[in-house]
Amino acid sequence: MTRVQQSDPGRRARGQPRGRALDPVAMREVEALLAGRPQARDQLIEHLHALQDRHGHLAARHLVALARWMRLPMAAVFETATFYAHFDFVDDGEAPPAPLTVRVCESLSCQLAGADVLARALAEGVDPAGIRIVAAPCMGHCDEAPAVQVGRRHIGRATLERVRAAIDAGQFEPGPIDWPALDSYRARGGYGLLADLRAGSVGSDELAAALEAAGLRGLGGAGFPTQRKWQAVRAFPGPRYAVINADEGEPGTFKDRHYLQREPHQFLEGALVSAEVVEASALYVYLRDEYPGLHDVLGQAIAEVERAGIVAPGFIVLRRGAGAYICGEESALIESLEGKPGKPRHRPPYVAERGLFDRPTLVNNVETVYWIPEIHRRGGDWCAQQGRHGRKGLRSFSVSGRVRKPGVHLAPAGITLRELLDEYCGGMAEGHELLCYLPGGASGGMLPASKADIPLDFDTLQPHGCFIGSAAIIVVSTRDDLRTVLVNLMAFFADESCGQCTPCRVGTEKMLALLSRDQWDEAQLRRLAQVMMDASICGLGQAAPNPVLGALDHFRERLASQGIRIVAGETGS
């Protein structure tokens, strides 16, 4: 018996492709814009940037054309385009965003400096024609809070008048950065270590021994000994890759920006030395999109070393992030470099074994490799002798919040917060008294003023429920509202969760909702925190509860004075 197919007017006829139809005009625009560029999958985010830079947004019709041009599934292109905060996806029939975007940083250091008041003033005091004003997560300018980005230009210590002046003057591009060019760096012995390593007059084992003596560890947060990372990657057969994580997005962190602006060639030499040691086939530098001026600086510095014959053209690949804090996690960064949404991988295997393009990969932080030429020049013992309170080495502390002199302060490892404030930061800001501090950025936990004499270093803070991470210290005063601080931090984590795992995706939102109540169920908060720490895939969900736990441990009376009642038992959801 033959079954008769019933017609359905809501279905496409057989032979007609499913999904969105290709717009021939959009296809020609994509082909013209990307002519001569590679069509490999790992180029997807770079191509999305090119489209956004040209048109001010990502139109659905261009994404369809891009998928066809790159021979990728349409779903893969749309998923990546909608994952990253700096891509403005516009569907068919929707109005594109205003030509000029003004981003107001809402992270903790900027909030303490009045970012919320500034945002309201801008909304009322700036002509909305052709301009949109949006809240943005940390921009890495915490020492100049509040920070505002007008187009691609950052304005530190922003005021309504300064922002309006920049808009009126059409100042939408990054301001000039004064950095020492290649000749200046080479005149001081720059790239000598790289040359000696290649010539064999300095051996990789000799250099590794110097780094071990110096106590150099990963300065992006994990603190893994640098020379042991080299050994781990070299243990696996090539080809291998080297990757530099320049995507510092932890609220309160800006030390990588400081060093890249100050000595880009010292950074590049350290990165190239690391790549040489592990015999990498290429060196990838993943720079956060919030640093457009530094993207220009690094592009020029890379061109200089290529012209000088120090490195083959194309060996250093500079890639641009797209606004995702999660890409600071090394496996999420690898996913992003491959042109995918930045979602952390399950481990094992670790990236040292199977990283970029499924090959052994060395991932280092900017500051970590920055110190390699300096340590070789001065010796590992010199660095080790710099510590304090039984620790060794130097630490670059990004200090922001209620201090007189915020900024990057290079100080002995093991220095206490009290010493750091008095000797480097000029003390507390006028009229402020220390309430608490975050020793490792938003995720590093929270300590009260009574614990300001703990040595600040790897492994010294864990007994107190904290960690130093990237050494981003945010100082909070007795004049600040503690619940507002906690809500700000948890809102950041909730917004930046990649959504891959339930404990983080749901846990951050749930904890944010609980913090907004006037009655806190302590058992419920601690149970939720434990689930997040135990079951989240990566450090974002695992560390997000740390400031809340610190507040419960140390600031019950303070919270009560703000009208928050903390009860012991479960009261339900």
# chains A, B, ... in the order shown; residues from 1 in each chain; ligands from 1
>>> residues_around(residues="range 66-76 of chain A", least_positions_apart="4", cutoff="12 Å", atoms="only C-alpha atoms", output="PyMOL selection string")
chain A and resi 18-24+26-35+37-48+50-51+58-62+80-83+338-341
>>> residues_around(residues="Lys510 in chain A", least_positions_apart="3", cutoff="10 Å", atoms="only C-alpha atoms", output="number ranges by chain")
A: 490, 494, 503-507, 513-515, 525, 528, 573
>>> write_last_selection(atoms="N, CA and C atoms", output="CSV table (one decimal), in the first residue's frame")
chain,number,residue,atom,x,y,z
A,490,MET,N,29.4,39.3,42.4
A,490,MET,CA,28.6,38.1,42.0
A,490,MET,C,27.9,38.4,40.6
A,494,ALA,N,28.2,36.1,37.3
A,494,ALA,CA,26.9,35.6,36.6
A,494,ALA,C,26.9,36.0,35.2
A,503,PRO,N,26.4,24.0,37.6
A,503,PRO,CA,26.8,24.6,38.9
A,503,PRO,C,27.2,26.0,38.8
A,504,CYS,N,27.9,26.4,37.7
A,504,CYS,CA,28.3,27.8,37.6
A,504,CYS,C,27.2,28.6,37.0
A,505,ARG,N,26.6,28.1,35.9
A,505,ARG,CA,25.5,28.9,35.2
A,505,ARG,C,24.4,29.3,36.1
A,506,VAL,N,23.9,28.3,36.8
A,506,VAL,CA,22.7,28.5,37.7
A,506,VAL,C,23.2,29.0,39.1
A,507,GLY,N,24.3,28.5,39.5
A,507,GLY,CA,24.8,28.8,40.9
A,507,GLY,C,25.1,30.3,41.0
A,513,ALA,N,20.8,36.2,43.4
A,513,ALA,CA,19.4,36.5,43.9
A,513,ALA,C,19.4,36.4,45.5
A,514,LEU,N,20.1,35.5,46.0
A,514,LEU,CA,20.1,35.3,47.5
A,514,LEU,C,20.7,36.6,48.2
A,515,LEU,N,21.8,37.1,47.6
A,515,LEU,CA,22.4,38.3,48.1
A,515,LEU,C,21.5,39.5,48.1
A,525,LEU,N,23.4,29.4,51.5
A,525,LEU,CA,24.5,30.0,50.8
A,525,LEU,C,25.8,29.1,50.8
A,528,LEU,N,25.2,26.0,48.6
A,528,LEU,CA,25.3,26.4,47.2
A,528,LEU,C,26.8,26.6,46.8
A,573,SER,N,14.0,27.8,49.1
A,573,SER,CA,14.5,28.7,48.0
A,573,SER,C,13.5,29.9,47.8
>>> select_by_dssp(residues="range 484-549 of chain A", states="helix (DSSP H, G or I)", output="number ranges by chain")
A: 484-496, 502-515, 522-535, 539-543, 546-549
>>> atom_distance(atom1="CA of Gly563 in chain A", atom2="CA of Asp518 in chain A")
6.7 Å
>>> atom_distance(atom1="CA of Cys105 in chain A", atom2="CA of Gly328 in chain A")
18.5 Å
